[in-house]
Amino acid sequence: SAWPPAADAWDMLVNTTPVGTAPDGARAPIVLAGPLAGRLVYDLVYNPPDTALLSRARALGAETIGGLPMLVAQAVAQFHWWTGTLPDADRMHEAALARLAPPPAFPTDTV
């Protein structure tokens, strides 16, 4: 089949490549042009949480899912497997978001 697939040739698009991962967050593995027949775009990239692919897909009216929920689900399962304790998934999600957030700006009052 042709690459890239035509906008009307898919129902769900899943990016399983690292394309779009920080620091190259402005890149996307495929250029989406509308209107899209597919209604769902799932990008397994989790850093940044909102990728260029997801942003473009939303602009074209598609539903989107980022990779962070899968990363957290894997972390919860691995922690449980290794320790026998089921961690709080919401807390792990918040910790991941805090870690992925851009660093705070340098305080101007210390210059």
# chains A, B, ... in the order shown; residues from 1 in each chain; ligands from 1

$ residues_around --residues "Arg27 in chain A" --least-positions-apart "2" --cutoff "12 Å" --atoms "only C-alpha atoms" --output "PDB file with C-alpha atoms, in the first residue's frame"
ATOM      1  CA  THR A  17       8.068   5.545  16.202  1.00  0.00           C
ATOM      2  CA  PRO A  18      10.161   7.945  18.317  1.00  0.00           C
ATOM      3  CA  VAL A  19       9.648  10.721  15.748  1.00  0.00           C
ATOM      4  CA  GLY A  20       8.420  13.801  17.599  1.00  0.00           C
ATOM      5  CA  THR A  21      10.136  12.955  20.886  1.00  0.00           C
ATOM      6  CA  ALA A  22      11.881  15.841  22.657  1.00  0.00           C
ATOM      7  CA  PRO A  23      14.074  17.601  21.716  1.00  0.00           C
ATOM      8  CA  ASP A  24      12.607  17.135  18.210  1.00  0.00           C
ATOM      9  CA  GLY A  25       9.026  17.779  19.334  1.00  0.00           C
ATOM     10  CA  PRO A  29       6.183  10.980  11.381  1.00  0.00           C
ATOM     11  CA  ILE A  30       3.493  11.860   8.841  1.00  0.00           C
ATOM     12  CA  VAL A  31       2.045  15.078   7.480  1.00  0.00           C
ATOM     13  CA  VAL A  45       5.430   9.491  22.235  1.00  0.00           C
ATOM     14  CA  PRO A  48       6.379  16.108  24.990  1.00  0.00           C
ATOM     15  CA  ASP A  50       1.356  17.037  23.285  1.00  0.00           C
ATOM     16  CA  THR A  51       3.192  16.262  20.060  1.00  0.00           C
ATOM     17  CA  ALA A  52       3.084  18.009  16.702  1.00  0.00           C
ATOM     18  CA  LEU A  53       1.213  14.991  15.311  1.00  0.00           C
ATOM     19  CA  LEU A  54      -1.478  15.213  18.002  1.00  0.00           C
ATOM     20  CA  SER A  55      -1.816  18.967  17.642  1.00  0.00           C
ATOM     21  CA  ARG A  56      -2.296  18.720  13.867  1.00  0.00           C
TER      22      ARG A  56
END

$ residues_around --residues "Leu97 in chain A" --least-positions-apart "5" --cutoff "9 Å" --atoms "only C-alpha atoms" --output "PyMOL selection string"
chain A and resi 49+68+92

$ write_last_selection --atoms "C-alpha atoms" --output "mmCIF file, in the first residue's frame"
data_model
loop_
_atom_site.group_PDB
_atom_site.id
_atom_site.type_symbol
_atom_site.label_atom_id
_atom_site.label_comp_id
_atom_site.auth_asym_id
_atom_site.auth_seq_id
_atom_site.Cartn_x
_atom_site.Cartn_y
_atom_site.Cartn_z
ATOM 1 C CA PRO A 49 2.909 15.119 26.206
ATOM 2 C CA LEU A 68 1.800 9.225 28.683
ATOM 3 C CA MET A 92 2.499 8.303 39.113
#

$ atom_distance --atom1 "CA of Tyr46 in chain A" --atom2 "CA of Ala77 in chain A"
17.4 Å

$ atom_distance --atom1 "CA of Ala73 in chain A" --atom2 "CA of Ala89 in chain A"
7.3 Å

$ atom_distance --atom1 "CA of Pro87 in chain A" --atom2 "CA of Arg99 in chain A"
17.7 Å

$ select_by_dssp --residues "chain A" --states "strand (DSSP E)" --output "list in words"
Met12, Leu13, Val14, Asn15, Leu40, Val41, Tyr42, Asp43, Glu63, Thr64 and Ile65 of chain A

$ write_last_selection --atoms "N, CA, C and O atoms" --output "PDB file, in the first residue's frame"
ATOM      1  N   MET A  12      -7.892   4.583  12.305  1.00  0.00           N
ATOM      2  CA  MET A  12      -7.076   4.980  13.445  1.00  0.00           C
ATOM      3  C   MET A  12      -5.617   4.976  13.015  1.00  0.00           C
ATOM      4  O   MET A  12      -5.162   4.033  12.368  1.00  0.00           O
ATOM      5  N   LEU A  13      -4.919   6.021  13.373  1.00  0.00           N
ATOM      6  CA  LEU A  13      -3.496   6.133  13.070  1.00  0.00           C
ATOM      7  C   LEU A  13      -2.732   6.036  14.380  1.00  0.00           C
ATOM      8  O   LEU A  13      -3.055   6.755  15.338  1.00  0.00           O
ATOM      9  N   VAL A  14      -1.745   5.135  14.446  1.00  0.00           N
ATOM     10  CA  VAL A  14      -0.950   4.955  15.653  1.00  0.00           C
ATOM     11  C   VAL A  14       0.516   5.181  15.301  1.00  0.00           C
ATOM     12  O   VAL A  14       1.061   4.483  14.444  1.00  0.00           O
ATOM     13  N   ASN A  15       1.134   6.152  15.971  1.00  0.00           N
ATOM     14  CA  ASN A  15       2.559   6.385  15.795  1.00  0.00           C
ATOM     15  C   ASN A  15       3.299   5.567  16.840  1.00  0.00           C
ATOM     16  O   ASN A  15       3.202   5.819  18.033  1.00  0.00           O
ATOM     17  N   LEU A  40      -9.347   8.852  14.968  1.00  0.00           N
ATOM     18  CA  LEU A  40      -8.502   8.731  16.151  1.00  0.00           C
ATOM     19  C   LEU A  40      -7.035   8.682  15.756  1.00  0.00           C
ATOM     20  O   LEU A  40      -6.652   7.908  14.871  1.00  0.00           O
ATOM     21  N   VAL A  41      -6.218   9.496  16.435  1.00  0.00           N
ATOM     22  CA  VAL A  41      -4.771   9.474  16.254  1.00  0.00           C
ATOM     23  C   VAL A  41      -4.163   9.228  17.623  1.00  0.00           C
ATOM     24  O   VAL A  41      -4.438   9.961  18.576  1.00  0.00           O
ATOM     25  N   TYR A  42      -3.359   8.183  17.726  1.00  0.00           N
ATOM     26  CA  TYR A  42      -2.733   7.760  18.974  1.00  0.00           C
ATOM     27  C   TYR A  42      -1.230   7.844  18.778  1.00  0.00           C
ATOM     28  O   TYR A  42      -0.666   7.169  17.925  1.00  0.00           O
ATOM     29  N   ASP A  43      -0.580   8.710  19.534  1.00  0.00           N
ATOM     30  CA  ASP A  43       0.868   8.892  19.432  1.00  0.00           C
ATOM     31  C   ASP A  43       1.495   8.343  20.700  1.00  0.00           C
ATOM     32  O   ASP A  43       1.256   8.855  21.795  1.00  0.00           O
ATOM     33  N   GLU A  63      -9.973  12.853  17.214  1.00  0.00           N
ATOM     34  CA  GLU A  63      -9.723  12.616  18.632  1.00  0.00           C
ATOM     35  C   GLU A  63      -8.276  12.169  18.759  1.00  0.00           C
ATOM     36  O   GLU A  63      -7.739  11.529  17.854  1.00  0.00           O
ATOM     37  N   THR A  64      -7.650  12.493  19.891  1.00  0.00           N
ATOM     38  CA  THR A  64      -6.238  12.144  20.056  1.00  0.00           C
ATOM     39  C   THR A  64      -5.984  11.510  21.416  1.00  0.00           C
ATOM     40  O   THR A  64      -6.682  11.797  22.389  1.00  0.00           O
ATOM     41  N   ILE A  65      -4.968  10.660  21.452  1.00  0.00           N
ATOM     42  CA  ILE A  65      -4.480  10.053  22.687  1.00  0.00           C
ATOM     43  C   ILE A  65      -2.963  10.142  22.650  1.00  0.00           C
ATOM     44  O   ILE A  65      -2.334   9.737  21.667  1.00  0.00           O
TER      45      ILE A  65
END
